[in-house]
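**Q** Input file: query06.cif. Contents: mmCIF, C-alpha atoms (C1' of nucleotides).
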data_my_file
#
loop_
_atom_site.label_atom_id
_atom_site.label_comp_id
_atom_site.auth_asym_id
_atom_site.auth_seq_id
_atom_site.Cartn_x
_atom_site.Cartn_y
_atom_site.Cartn_z
CA MET K 1 89.24 113.12 271.58
CA ILE K 2 91.78 113.87 268.93
CA LEU K 3 92.51 117.50 268.05
CA ILE K 4 93.61 117.96 264.49
CA LYS K 5 96.09 120.79 264.47
CA ASP K 6 95.83 123.37 261.75
CA LYS K 7 99.29 124.39 260.62
CA GLN K 8 98.10 127.67 259.20
CA ILE K 9 96.29 128.70 262.33
CA ASP K 10 99.28 127.74 264.44
CA TYR K 11 101.39 129.93 262.27
CA PHE K 12 99.09 132.91 262.63
CA VAL K 13 98.88 132.46 266.39
CA THR K 14 102.65 132.48 266.63
CA LEU K 15 102.87 135.48 264.31
CA LEU K 16 100.49 137.43 266.53
CA HIS K 17 102.13 136.41 269.78
CA LYS K 18 105.55 137.37 268.50
CA ALA K 19 104.09 140.79 267.84
CA SER K 20 102.64 140.92 271.39
CA LEU K 21 99.13 140.78 270.03
CA LYS K 22 96.38 138.51 271.26
CA ALA K 23 95.36 135.72 268.93
CA THR K 24 91.63 136.34 268.67
CA PRO K 25 89.32 134.49 266.28
CA THR K 26 88.65 137.77 264.49
CA ARG K 27 92.32 138.34 263.81
CA ILE K 28 92.88 134.78 262.65
CA ALA K 29 89.97 135.12 260.24
CA VAL K 30 91.36 138.34 258.81
CA LEU K 31 94.81 136.85 258.37
CA LYS K 32 93.29 133.87 256.59
CA VAL K 33 91.56 136.12 254.10
CA LEU K 34 94.71 138.14 253.47
CA GLU K 35 96.68 134.95 252.94
CA LYS K 36 94.10 133.44 250.64
CA GLU K 37 93.41 136.48 248.46
CA HIS K 38 97.08 137.13 248.09
CA LYS K 39 96.69 140.72 246.93
CA PRO K 40 96.05 144.16 248.41
CA LEU K 41 92.53 144.37 249.83
CA SER K 42 90.47 147.35 250.90
CA ILE K 43 88.91 147.45 254.33
CA ALA K 44 85.45 147.00 252.81
CA ILE K 45 86.40 143.94 250.75
CA LEU K 46 88.29 142.46 253.66
CA GLN K 47 85.19 142.80 255.78
CA LYS K 48 83.00 141.19 253.14
CA ARG K 49 85.32 138.26 252.55
CA ILE K 50 85.22 137.27 256.21
CA GLY K 51 81.73 136.01 255.50
CA GLU K 52 79.60 134.74 258.33
CA GLN K 53 81.31 136.11 261.34
CA LYS K 54 80.68 139.81 260.96
CA ILE K 55 83.37 142.19 262.11
CA ASP K 56 82.79 145.81 262.85
CA THR K 57 84.44 148.33 260.54
CA ALA K 58 86.19 150.08 263.42
CA THR K 59 87.71 146.79 264.46
CA VAL K 60 89.16 146.18 261.02
CA TYR K 61 90.61 149.67 260.90
CA ARG K 62 92.18 149.27 264.32
CA MET K 63 93.47 145.87 263.38
CA MET K 64 95.11 147.10 260.21
CA GLN K 65 96.73 149.88 262.16
CA SER K 66 98.25 147.61 264.78
CA PHE K 67 99.21 145.00 262.19
CA GLN K 68 100.97 147.67 260.22
CA GLU K 69 102.85 148.95 263.24
CA LYS K 70 104.00 145.42 263.98
CA GLY K 71 104.97 144.78 260.39
CA ILE K 72 102.35 142.11 259.79
CA VAL K 73 100.67 143.95 256.95
CA ARG K 74 101.81 146.53 254.45
CA ARG K 75 99.70 149.46 253.39
CA VAL K 76 99.44 149.98 249.65
CA ASP K 77 98.26 153.14 247.91
CA LEU K 78 96.62 152.32 244.61
CA ARG K 79 95.18 155.77 243.94
CA HIS K 80 91.75 154.72 244.97
CA THR K 81 89.93 156.81 247.53
CA HIS K 82 90.83 154.33 250.24
CA ALA K 83 93.79 152.30 251.44
CA HIS K 84 94.61 148.69 250.63
CA TYR K 85 96.47 146.19 252.78
CA GLU K 86 98.38 143.01 252.11
CA LEU K 87 100.37 140.53 254.18
CA ALA K 88 103.90 141.76 254.74
CA THR K 89 105.27 138.28 255.25
CA ARG K 90 105.92 138.08 251.54
CA ALA K 91 109.12 139.49 250.09
CA ASP K 92 109.13 143.10 249.07
CA HIS K 93 107.30 143.43 245.80
CA HIS K 94 105.05 145.77 243.87
CA HIS K 95 102.02 145.94 241.58
CA ILE K 96 100.66 147.14 238.28
CA THR K 97 97.11 148.43 238.53
CA CYS K 98 94.83 148.89 235.53
CA GLU K 99 93.59 152.45 235.33
CA ARG K 100 90.32 151.34 233.77
CA CYS K 101 89.19 148.20 235.58
CA GLY K 102 91.39 148.19 238.67
CA LYS K 103 92.88 144.76 238.02
CA ILE K 104 96.07 144.18 239.97
CA GLU K 105 99.06 142.16 238.79
CA ASP K 106 101.99 141.34 241.01
CA ILE K 107 105.52 142.33 240.18
CA PRO K 108 107.24 139.67 242.24
CA TRP K 109 110.54 141.49 242.66
CA CYS K 110 111.98 144.79 243.81
CA ASP K 111 115.11 146.25 242.23
CA LEU K 112 114.94 149.51 244.07
CA ALA K 113 117.64 149.04 246.68
CA PRO K 114 120.36 150.86 244.73
CA ILE K 115 118.02 153.74 243.94
CA VAL K 116 116.94 154.07 247.54
CA LYS K 117 120.58 154.03 248.59
CA LYS K 118 121.47 156.73 246.08
CA ALA K 119 118.61 158.90 247.31
CA LEU K 120 119.76 158.58 250.91
CA CYS K 121 123.37 159.39 250.02
CA GLN K 122 122.33 162.54 248.21
CA SER K 123 119.88 163.68 250.83
CA VAL K 124 120.81 166.64 252.99
CA THR K 125 117.99 166.26 255.47
CA PHE K 126 117.47 162.55 255.96
CA THR K 127 119.61 160.15 257.98
CA GLN K 128 117.63 157.02 257.30
CA ILE K 129 115.04 155.66 254.93
CA THR K 130 112.62 153.28 256.53
CA ASP K 131 110.27 152.44 253.72
CA HIS K 132 109.27 153.08 250.15
CA THR K 133 106.33 152.78 247.81
CA PHE K 134 106.50 151.92 244.14
CA GLU K 135 103.37 151.36 242.12
CA LEU K 136 102.79 151.12 238.41
CA PHE K 137 99.62 152.09 236.58
CA GLY K 138 98.67 151.10 233.08
CA ILE K 139 96.08 149.57 230.80
CA CYS K 140 95.56 145.84 230.86
CA ARG K 141 95.13 143.72 227.76
CA SER K 142 91.39 143.21 228.07
CA CYS K 143 90.72 146.90 228.62
CA ALA K 144 92.97 147.78 225.69
CA ASP K 145 91.07 145.33 223.49
CA GLU K 146 87.74 146.89 224.32
CA GLU K 147 88.35 149.80 221.95
CA MET T 1 97.66 203.59 230.51
CA ILE T 2 100.52 201.22 230.46
CA LEU T 3 99.86 197.58 231.23
CA ILE T 4 102.80 195.82 232.73
CA LYS T 5 102.70 192.28 231.49
CA ASP T 6 103.29 189.53 233.94
CA LYS T 7 105.33 186.76 232.38
CA GLN T 8 104.19 184.18 234.88
CA ILE T 9 100.52 184.92 234.40
CA ASP T 10 100.95 184.85 230.65
CA TYR T 11 102.52 181.45 231.01
CA PHE T 12 99.69 180.10 233.11
CA VAL T 13 97.06 181.50 230.75
CA THR T 14 98.74 179.75 227.85
CA LEU T 15 99.10 176.56 229.85
CA LEU T 16 95.38 176.57 230.59
CA HIS T 17 94.33 177.43 227.06
CA LYS T 18 96.49 174.68 225.62
CA ALA T 19 94.57 172.33 227.87
CA SER T 20 91.23 173.75 226.66
CA LEU T 21 90.55 175.20 230.07
CA LYS T 22 89.40 178.72 230.79
CA ALA T 23 91.92 181.01 232.41
CA THR T 24 89.96 182.19 235.42
CA PRO T 25 91.46 184.28 238.23
CA THR T 26 90.84 181.38 240.60
CA ARG T 27 92.87 179.02 238.50
CA ILE T 28 95.68 181.47 238.04
CA ALA T 29 95.82 182.01 241.79
CA VAL T 30 96.01 178.27 242.44
CA LEU T 31 98.74 177.79 239.87
CA LYS T 32 100.71 180.64 241.44
CA VAL T 33 100.58 178.95 244.82
CA LEU T 34 101.63 175.59 243.39
CA GLU T 35 104.52 177.24 241.57
CA LYS T 36 105.64 179.22 244.59
CA GLU T 37 105.43 176.43 247.19
CA HIS T 38 107.20 174.07 244.89
CA LYS T 39 106.13 170.94 246.72
CA PRO T 40 103.09 168.66 247.01
CA LEU T 41 100.22 170.49 248.71
CA SER T 42 96.99 169.19 250.19
CA ILE T 43 93.67 170.67 249.14
CA ALA T 44 93.29 172.32 252.54
CA ILE T 45 96.71 173.97 252.49
CA LEU T 46 96.25 175.02 248.90
CA GLN T 47 93.01 176.70 249.87
CA LYS T 48 94.61 178.47 252.82
CA ARG T 49 97.59 179.71 250.83
CA ILE T 50 95.34 181.48 248.33
CA GLY T 51 94.75 184.01 251.06
CA GLU T 52 92.26 186.79 250.48
CA GLN T 53 90.26 185.52 247.58
CA LYS T 54 88.44 182.57 249.14
CA ILE T 55 87.81 179.56 246.97
CA ASP T 56 85.26 176.92 247.74
CA THR T 57 86.55 173.47 248.59
CA ALA T 58 84.50 171.83 245.87
CA THR T 59 86.05 174.15 243.33
CA VAL T 60 89.56 173.18 244.35
CA TYR T 61 88.70 169.48 244.16
CA ARG T 62 87.18 169.90 240.72
CA MET T 63 90.12 171.96 239.63
CA MET T 64 92.65 169.39 240.75
CA GLN T 65 90.72 166.72 238.93
CA SER T 66 90.65 168.55 235.63
CA PHE T 67 94.26 169.70 236.03
CA GLN T 68 95.27 166.14 236.61
CA GLU T 69 93.42 164.88 233.57
CA LYS T 70 95.13 167.50 231.46
CA GLY T 71 98.52 166.74 232.92
CA ILE T 72 98.92 170.11 234.62
CA VAL T 73 99.29 168.67 238.09
CA ARG T 74 100.43 165.35 239.44
CA ARG T 75 98.76 163.62 242.33
CA VAL T 76 101.10 162.42 245.06
CA ASP T 77 100.30 159.90 247.79
CA LEU T 78 102.27 160.62 250.91
CA ARG T 79 100.43 158.23 253.20
CA HIS T 80 98.46 160.98 254.78
CA THR T 81 94.71 160.65 254.93
CA HIS T 82 94.35 162.94 251.96
CA ALA T 83 95.91 163.54 248.56
CA HIS T 84 98.62 166.03 247.66
CA TYR T 85 99.16 167.78 244.34
CA GLU T 86 102.12 169.42 242.67
CA LEU T 87 102.78 171.06 239.33
CA ALA T 88 103.53 168.49 236.66
CA THR T 89 105.49 170.93 234.54
CA ARG T 90 108.60 169.92 236.42
CA ALA T 91 110.58 166.88 235.33
CA ASP T 92 109.61 163.56 236.81
CA HIS T 93 110.95 163.37 240.33
CA HIS T 94 110.10 162.00 243.76
CA HIS T 95 110.19 162.78 247.48
CA ILE T 96 111.34 161.63 250.86
CA THR T 97 108.77 162.27 253.58
CA CYS T 98 109.62 162.27 257.29
CA GLU T 99 107.46 159.77 259.13
CA ARG T 100 107.50 161.90 262.27
CA CYS T 101 107.12 165.52 261.22
CA GLY T 102 105.97 165.21 257.61
CA LYS T 103 108.82 167.27 256.16
CA ILE T 104 109.25 166.71 252.44
CA GLU T 105 112.54 166.74 250.55
CA ASP T 106 112.78 166.56 246.80
CA ILE T 107 114.65 163.86 244.99
CA PRO T 108 115.26 165.79 241.80
CA TRP T 109 115.74 162.78 239.56
CA CYS T 110 114.07 159.56 238.50
CA ASP T 111 116.09 156.48 237.57
CA LEU T 112 113.12 154.20 237.25
CA ALA T 113 112.79 153.93 233.48
CA PRO T 114 114.70 150.63 233.19
CA ILE T 115 112.75 149.11 236.06
CA VAL T 116 109.43 150.18 234.59
CA LYS T 117 110.50 148.70 231.27
CA LYS T 118 111.50 145.42 232.86
CA ALA T 119 108.16 145.20 234.65
CA LEU T 120 106.25 145.75 231.41
CA CYS T 121 108.31 143.16 229.55
CA GLN T 122 107.63 140.55 232.20
CA SER T 123 103.95 141.35 232.56
CA VAL T 124 101.44 138.90 231.19
CA THR T 125 98.42 141.11 231.55
CA PHE T 126 99.56 144.63 230.75
CA THR T 127 100.27 146.10 227.36
CA GLN T 128 101.26 149.55 228.49
CA ILE T 129 102.34 151.39 231.59
CA THR T 130 101.10 154.94 231.76
CA ASP T 131 102.36 156.13 235.09
CA HIS T 132 104.18 155.24 238.26
CA THR T 133 104.55 156.36 241.84
CA PHE T 134 107.71 156.16 243.90
CA GLU T 135 107.89 157.65 247.36
CA LEU T 136 110.41 157.27 250.14
CA PHE T 137 109.72 157.51 253.85
CA GLY T 138 112.28 158.00 256.58
CA ILE T 139 113.36 159.99 259.59
CA CYS T 140 114.83 163.43 259.07
CA ARG T 141 117.88 164.72 260.90
CA SER T 142 116.05 166.98 263.31
CA CYS T 143 113.55 164.28 264.29
CA ALA T 144 116.40 161.79 264.74
CA ASP T 145 118.23 164.27 266.99
CA GLU T 146 115.23 164.69 269.24
CA GLU T 147 115.90 161.37 270.96
"C1'" DA E 1 90.17 129.89 288.58
"C1'" DA E 2 90.74 134.87 288.98
"C1'" DG E 3 92.45 139.28 287.55
"C1'" DT E 4 93.87 142.55 284.11
"C1'" DA E 5 94.85 144.69 280.08
"C1'" DA E 6 93.78 144.14 275.35
"C1'" DT E 7 90.15 143.64 272.07
"C1'" DT E 8 85.66 144.24 270.25
"C1'" DG E 9 81.04 146.26 268.93
"C1'" DC E 10 78.18 150.03 268.75
"C1'" DA E 11 77.17 154.69 268.05
"C1'" DA E 12 78.66 158.95 266.97
"C1'" DA E 13 82.00 162.20 265.25
"C1'" DA E 14 85.40 163.86 262.23
"C1'" DG E 15 87.60 164.27 257.92
"C1'" DA E 16 87.91 163.79 252.84
"C1'" DT E 17 85.65 163.96 248.54
"C1'" DT E 18 81.66 164.25 245.42
"C1'" DT E 19 77.29 165.93 243.55
"C1'" DG E 20 73.16 168.84 242.19
"C1'" DC E 21 71.69 173.10 241.13
"C1'" DA E 22 71.39 177.99 240.48
"C1'" DT E 23 74.43 181.79 239.34
"C1'" DT E 24 78.31 183.85 237.25
"C1'" DT E 25 81.85 184.40 233.79
"C1'" DA E 26 85.58 183.56 230.09
"C1'" DG E 27 86.11 183.41 225.53
"C1'" DA E 28 84.16 182.53 220.72
"C1'" DG E 29 81.65 184.70 217.20
"C1'" DT E 30 79.45 188.71 215.35
"C1'" DA D 1 82.18 196.39 222.02
"C1'" DC D 2 77.96 193.10 222.51
"C1'" DT D 3 75.81 188.68 222.69
"C1'" DC D 4 75.66 184.00 223.48
"C1'" DT D 5 76.93 179.56 225.33
"C1'" DA D 6 79.41 176.23 227.58
"C1'" DA D 7 82.38 176.07 231.30
"C1'" DA D 8 83.40 177.32 235.95
"C1'" DT D 9 82.04 178.64 240.56
"C1'" DG D 10 79.74 178.81 245.19
"C1'" DC D 11 76.72 176.85 248.31
"C1'" DA D 12 74.47 173.19 250.58
"C1'" DA D 13 73.88 168.60 251.12
"C1'" DA D 14 75.22 163.90 250.41
"C1'" DT D 15 78.52 160.23 250.40
"C1'" DC D 16 82.48 157.78 251.58
"C1'" DT D 17 86.52 156.88 254.58
"C1'" DT D 18 88.54 156.79 258.91
"C1'" DT D 19 88.71 157.76 263.90
"C1'" DT D 20 87.14 157.95 268.71
"C1'" DG D 21 84.71 157.18 273.29
"C1'" DC D 22 82.75 153.98 276.07
"C1'" DA D 23 80.87 149.84 277.91
"C1'" DA D 24 81.03 144.89 277.45
"C1'" DT D 25 83.75 140.93 276.37
"C1'" DT D 26 87.77 137.95 276.11
"C1'" DA D 27 92.70 136.13 275.71
"C1'" DC D 28 96.22 135.28 278.44
"C1'" DT D 29 99.23 135.76 282.75
"C1'" DT D 30 99.75 134.23 287.52
#
Could you spell out this file's structure in structure tokens?
**A**
Amino acid sequence: MILIKDKQIDYFVTLLHKASLKATPTRIAVLKVLEKEHKPLSIAILQKRIGEQKIDTATVYRMMQSFQEKGIVRRVDLRHTHAHYELATRADHHHITCERCGKIEDIPWCDLAPIVKKALCQSVTFTQITDHTFELFGICRSCADEE
Amino acid sequence: MILIKDKQIDYFVTLLHKASLKATPTRIAVLKVLEKEHKPLSIAILQKRIGEQKIDTATVYRMMQSFQEKGIVRRVDLRHTHAHYELATRADHHHITCERCGKIEDIPWCDLAPIVKKALCQSVTFTQITDHTFELFGICRSCADEE
DNA sequence: AAGTAATTGCAAAAGATTTGCATTTAGAGT
DNA sequence: ACTCTAAATGCAAATCTTTTGCAATTACTT
């Protein structure tokens, strides 16, 4: 019997093992969705997108927590009442969210390094900066047209 | 009888009236706390700080919502499980939050205008940007020393 | 192939935020 | 000052988001 290897799955398995996490089917499925959707997803949407193989909500929450600690996902605050998560394998980048319809557009770059550096230099209390958030909010073309 | 006018209260009353909001004692008390604490506060802390005159939680939530709509307060996401609010009368600025102890330091400036502009120019979907968030996270000196 | 610690599902709890409704109150108009 | 009305408040209950305890399952090490 010939086993056809799936490059993507291999990659996820390695990713998980490097992070000292077990490569379970559930986790692979979640990573696949995150990879495919390519944008910040809420826990609820994530759970829906998995499709057939139902995953308990608590499991997804725990997974996002461990993934975040290991740097596999990034938590994004889009001013909704709940958190969003996206794969952290991509380069640092940010988003513009439409205040009306919630549409998200990627900003595929991050020019914040000098600003972060300046903030650290001027800070009295902080010796290191480990992370930052930067999100834009606006009105998208189609929502603007609706008036 | 001589009434000693309170400049601060006068200011808050005007602020509220300009926003077409009634100047109730509750609202004045909340604004006083926000002014005094001078940093982003959670609903729970806000409620505690009011002291004597107890305010219902629902009232504070509704108040923050209307204040935000009128531009009196700004909502800040500090990666806690709940929102924080601060007076928006101050110039645009940001914060560094300690990932260990939650201490907040002000960054009293905002250099993001050119970056926001660049993002809007490059955007395909968005015609205007109305707001942005920028938060830093790090480890403060005293938490770093604890090791 | 067996053993163990990590992972999962389920149920329940805890925490954050919103809503409906009856009551009170600030501020406009008289 | 007095009246009136829409806005604001308190209370209770509902809803939504996230966390936790525990027993059963499973990936991976030896």
**Q** Fewer than 4 positions away in the same chain doesn't count, so skip those; otherwise give me all residues within 9 Å of Ala44 of chain T, counting all atoms listed in the file, as number ranges by chain.
**A** T: 48-49, 57
**Q** Restricting the calculation to all atoms listed in the file, which member of D:DT19, D:DT9, D:DT3, D:DT30 is positioned closest to chain K?
**A**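 For chain K, the nearest of the given residues is D:DT19.
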**Q** Give as a list of chain:residue names every residue of chain E that touches chain T within 8 Å, counting all atoms listed in the file.
**A**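 Within 8 Å of chain T on chain E, we get E:DA16, E:DT17, E:DA26, E:DG27.
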**Q** Counting all atoms listed in the file, I want the residues whose atoms come within 9 Å of (102.2, 166.9, 248.8) in the file frame, returned as an NGL selection string.
**A** :T and (39-42 or 75-78 or 83-86 or 104)
**Q** Next, the residues of the selection above should be written as a PDB file, keeping the file's coordinate frame with C-alpha atoms.
**A**
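And here's out-v7.pdb as it stands now:
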ATOM      1  CA  LYS T  39     106.130 170.940 246.720  1.00  0.00           C
ATOM      2  CA  PRO T  40     103.090 168.660 247.010  1.00  0.00           C
ATOM      3  CA  LEU T  41     100.220 170.490 248.710  1.00  0.00           C
ATOM      4  CA  SER T  42      96.990 169.190 250.190  1.00  0.00           C
ATOM      5  CA  ARG T  75      98.760 163.620 242.330  1.00  0.00           C
ATOM      6  CA  VAL T  76     101.100 162.420 245.060  1.00  0.00           C
ATOM      7  CA  ASP T  77     100.300 159.900 247.790  1.00  0.00           C
ATOM      8  CA  LEU T  78     102.270 160.620 250.910  1.00  0.00           C
ATOM      9  CA  ALA T  83      95.910 163.540 248.560  1.00  0.00           C
ATOM     10  CA  HIS T  84      98.620 166.030 247.660  1.00  0.00           C
ATOM     11  CA  TYR T  85      99.160 167.780 244.340  1.00  0.00           C
ATOM     12  CA  GLU T  86     102.120 169.420 242.670  1.00  0.00           C
ATOM     13  CA  ILE T 104     109.250 166.710 252.440  1.00  0.00           C
TER      14      ILE T 104
END
**Q** Write out chain K, as a CSV table (one decimal) with C-alpha atoms, keeping the file's coordinate frame, after superposing it onto chain T by least squares using every C-alpha atom paired in order.
**A**
chain,number,residue,atom,x,y,z
K,1,MET,CA,97.7,203.7,230.0
K,2,ILE,CA,100.5,201.3,230.1
K,3,LEU,CA,99.8,197.6,230.9
K,4,ILE,CA,102.7,195.9,232.5
K,5,LYS,CA,102.6,192.3,231.4
K,6,ASP,CA,103.2,189.6,233.9
K,7,LYS,CA,105.3,186.8,232.3
K,8,GLN,CA,104.1,184.3,234.9
K,9,ILE,CA,100.5,185.0,234.4
K,10,ASP,CA,100.9,184.9,230.6
K,11,TYR,CA,102.5,181.5,231.0
K,12,PHE,CA,99.7,180.1,233.1
K,13,VAL,CA,97.0,181.5,230.7
K,14,THR,CA,98.7,179.8,227.8
K,15,LEU,CA,99.1,176.6,229.8
K,16,LEU,CA,95.4,176.6,230.6
K,17,HIS,CA,94.3,177.4,227.1
K,18,LYS,CA,96.5,174.7,225.6
K,19,ALA,CA,94.6,172.3,227.9
K,20,SER,CA,91.2,173.7,226.7
K,21,LEU,CA,90.6,175.2,230.1
K,22,LYS,CA,89.4,178.7,230.8
K,23,ALA,CA,91.9,181.0,232.4
K,24,THR,CA,89.9,182.2,235.4
K,25,PRO,CA,91.4,184.3,238.2
K,26,THR,CA,90.8,181.4,240.6
K,27,ARG,CA,92.9,179.0,238.5
K,28,ILE,CA,95.7,181.5,238.0
K,29,ALA,CA,95.8,182.0,241.8
K,30,VAL,CA,96.0,178.3,242.4
K,31,LEU,CA,98.8,177.8,239.9
K,32,LYS,CA,100.7,180.6,241.4
K,33,VAL,CA,100.6,179.0,244.8
K,34,LEU,CA,101.6,175.6,243.4
K,35,GLU,CA,104.5,177.3,241.6
K,36,LYS,CA,105.6,179.2,244.6
K,37,GLU,CA,105.4,176.5,247.2
K,38,HIS,CA,107.2,174.1,244.9
K,39,LYS,CA,106.2,171.0,246.8
K,40,PRO,CA,103.1,168.7,247.0
K,41,LEU,CA,100.2,170.5,248.7
K,42,SER,CA,97.0,169.2,250.2
K,43,ILE,CA,93.7,170.6,249.2
K,44,ALA,CA,93.3,172.3,252.6
K,45,ILE,CA,96.7,174.0,252.5
K,46,LEU,CA,96.3,175.0,248.9
K,47,GLN,CA,93.0,176.7,249.9
K,48,LYS,CA,94.6,178.5,252.8
K,49,ARG,CA,97.6,179.7,250.9
K,50,ILE,CA,95.4,181.5,248.3
K,51,GLY,CA,94.7,184.0,251.1
K,52,GLU,CA,92.2,186.8,250.5
K,53,GLN,CA,90.2,185.5,247.6
K,54,LYS,CA,88.5,182.6,249.2
K,55,ILE,CA,87.8,179.5,247.0
K,56,ASP,CA,85.3,176.9,247.8
K,57,THR,CA,86.6,173.4,248.6
K,58,ALA,CA,84.5,171.8,245.9
K,59,THR,CA,86.1,174.1,243.4
K,60,VAL,CA,89.6,173.2,244.4
K,61,TYR,CA,88.7,169.5,244.2
K,62,ARG,CA,87.2,169.9,240.7
K,63,MET,CA,90.2,171.9,239.6
K,64,MET,CA,92.7,169.4,240.8
K,65,GLN,CA,90.8,166.7,239.0
K,66,SER,CA,90.7,168.5,235.6
K,67,PHE,CA,94.3,169.7,236.0
K,68,GLN,CA,95.3,166.1,236.6
K,69,GLU,CA,93.4,164.9,233.6
K,70,LYS,CA,95.2,167.5,231.5
K,71,GLY,CA,98.6,166.8,232.9
K,72,ILE,CA,99.0,170.1,234.6
K,73,VAL,CA,99.3,168.7,238.1
K,74,ARG,CA,100.5,165.4,239.5
K,75,ARG,CA,98.8,163.6,242.4
K,76,VAL,CA,101.1,162.4,245.1
K,77,ASP,CA,100.3,159.9,247.8
K,78,LEU,CA,102.3,160.6,250.9
K,79,ARG,CA,100.4,158.2,253.2
K,80,HIS,CA,98.5,160.9,254.8
K,81,THR,CA,94.7,160.6,254.9
K,82,HIS,CA,94.4,162.9,252.0
K,83,ALA,CA,95.9,163.5,248.6
K,84,HIS,CA,98.6,166.0,247.7
K,85,TYR,CA,99.2,167.8,244.4
K,86,GLU,CA,102.1,169.4,242.7
K,87,LEU,CA,102.8,171.1,239.3
K,88,ALA,CA,103.6,168.5,236.7
K,89,THR,CA,105.5,170.9,234.6
K,90,ARG,CA,108.6,169.9,236.4
K,91,ALA,CA,110.6,166.9,235.4
K,92,ASP,CA,109.6,163.6,236.8
K,93,HIS,CA,111.0,163.4,240.4
K,94,HIS,CA,110.1,162.0,243.8
K,95,HIS,CA,110.2,162.7,247.5
K,96,ILE,CA,111.4,161.6,250.9
K,97,THR,CA,108.8,162.2,253.6
K,98,CYS,CA,109.6,162.2,257.3
K,99,GLU,CA,107.5,159.7,259.2
K,100,ARG,CA,107.5,161.8,262.3
K,101,CYS,CA,107.1,165.5,261.2
K,102,GLY,CA,106.0,165.2,257.6
K,103,LYS,CA,108.8,167.2,256.2
K,104,ILE,CA,109.3,166.7,252.5
K,105,GLU,CA,112.6,166.7,250.6
K,106,ASP,CA,112.8,166.5,246.9
K,107,ILE,CA,114.7,163.8,245.0
K,108,PRO,CA,115.3,165.8,241.9
K,109,TRP,CA,115.8,162.8,239.6
K,110,CYS,CA,114.1,159.6,238.5
K,111,ASP,CA,116.1,156.5,237.6
K,112,LEU,CA,113.1,154.2,237.3
K,113,ALA,CA,112.8,153.9,233.5
K,114,PRO,CA,114.7,150.7,233.2
K,115,ILE,CA,112.7,149.1,236.1
K,116,VAL,CA,109.4,150.2,234.6
K,117,LYS,CA,110.5,148.8,231.3
K,118,LYS,CA,111.5,145.5,232.8
K,119,ALA,CA,108.1,145.3,234.6
K,120,LEU,CA,106.2,145.8,231.4
K,121,CYS,CA,108.3,143.2,229.5
K,122,GLN,CA,107.6,140.6,232.2
K,123,SER,CA,103.9,141.4,232.5
K,124,VAL,CA,101.4,139.0,231.1
K,125,THR,CA,98.4,141.2,231.5
K,126,PHE,CA,99.5,144.7,230.7
K,127,THR,CA,100.3,146.2,227.3
K,128,GLN,CA,101.3,149.7,228.5
K,129,ILE,CA,102.3,151.5,231.6
K,130,THR,CA,101.1,155.0,231.8
K,131,ASP,CA,102.4,156.2,235.1
K,132,HIS,CA,104.2,155.3,238.3
K,133,THR,CA,104.6,156.4,241.9
K,134,PHE,CA,107.7,156.2,243.9
K,135,GLU,CA,107.9,157.6,247.4
K,136,LEU,CA,110.4,157.2,250.2
K,137,PHE,CA,109.7,157.5,253.9
K,138,GLY,CA,112.3,157.9,256.6
K,139,ILE,CA,113.4,159.9,259.6
K,140,CYS,CA,114.8,163.4,259.1
K,141,ARG,CA,117.9,164.6,260.9
K,142,SER,CA,116.0,166.9,263.4
K,143,CYS,CA,113.6,164.2,264.3
K,144,ALA,CA,116.4,161.7,264.8
K,145,ASP,CA,118.2,164.2,267.0
K,146,GLU,CA,115.2,164.6,269.3
K,147,GLU,CA,115.8,161.3,271.0
**Q** Taking the file as shown, find all residues satisfying the PyMOL selection byres ((chain D and resi 10-13) around 12) and write them as a JSON list (two decimals) with C-alpha atoms (C1' of nucleotides), in the frame of the given file.
**A**
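See selection.json below for the written result:
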[["chain", "number", "residue", "atom", "x", "y", "z"],
["T", 54, "LYS", "CA", 88.44, 182.57, 249.14],
["T", 55, "ILE", "CA", 87.81, 179.56, 246.97],
["T", 56, "ASP", "CA", 85.26, 176.92, 247.74],
["T", 57, "THR", "CA", 86.55, 173.47, 248.59],
["T", 58, "ALA", "CA", 84.50, 171.83, 245.87],
["T", 59, "THR", "CA", 86.05, 174.15, 243.33],
["T", 60, "VAL", "CA", 89.56, 173.18, 244.35],
["E", 18, "DT", "C1'", 81.66, 164.25, 245.42],
["E", 19, "DT", "C1'", 77.29, 165.93, 243.55],
["E", 20, "DG", "C1'", 73.16, 168.84, 242.19],
["E", 21, "DC", "C1'", 71.69, 173.10, 241.13],
["E", 22, "DA", "C1'", 71.39, 177.99, 240.48],
["E", 23, "DT", "C1'", 74.43, 181.79, 239.34],
["E", 24, "DT", "C1'", 78.31, 183.85, 237.25],
["D", 8, "DA", "C1'", 83.40, 177.32, 235.95],
["D", 9, "DT", "C1'", 82.04, 178.64, 240.56],
["D", 14, "DA", "C1'", 75.22, 163.90, 250.41],
["D", 15, "DT", "C1'", 78.52, 160.23, 250.40]]
**Q** List, as an MDAnalysis selection string, every residue that the PyMOL selection byres ((chain K) within 6 of (chain T)) selects in the file provided.
**A** chainID K and resid 125:141
**Q** Restricting the calculation to all atoms listed in the file, which member of K:Cys101, K:Val30, K:Ile50, K:Met64 is positioned closest to chain D?
**A**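 Closest candidate: K:Met64.
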**Q** For the atom pair atom CA of Cys121 of chain T and atom CA of Val73 of chain K, what is the interatomic distance in Å to one decimal place?
**A**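 Answer for the atom CA of Cys121 of chain T to atom CA of Val73 of chain K separation: 28.5 Å.
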**Q** Return the neighbours of chain K among the residues of chain D, cut-off 8 Å, counting only C-alpha atoms (C1' of nucleotides), as an MDAnalysis selection string.
**A** chainID D and resid 17:18 27:28
**Q** Care to translate the PyMOL selection byres ((chain D and resi 20) around 9) into actual residues of this file, as JSON, numbers by chain?
**A** {"E": [12, 13, 14], "D": [19, 21]}
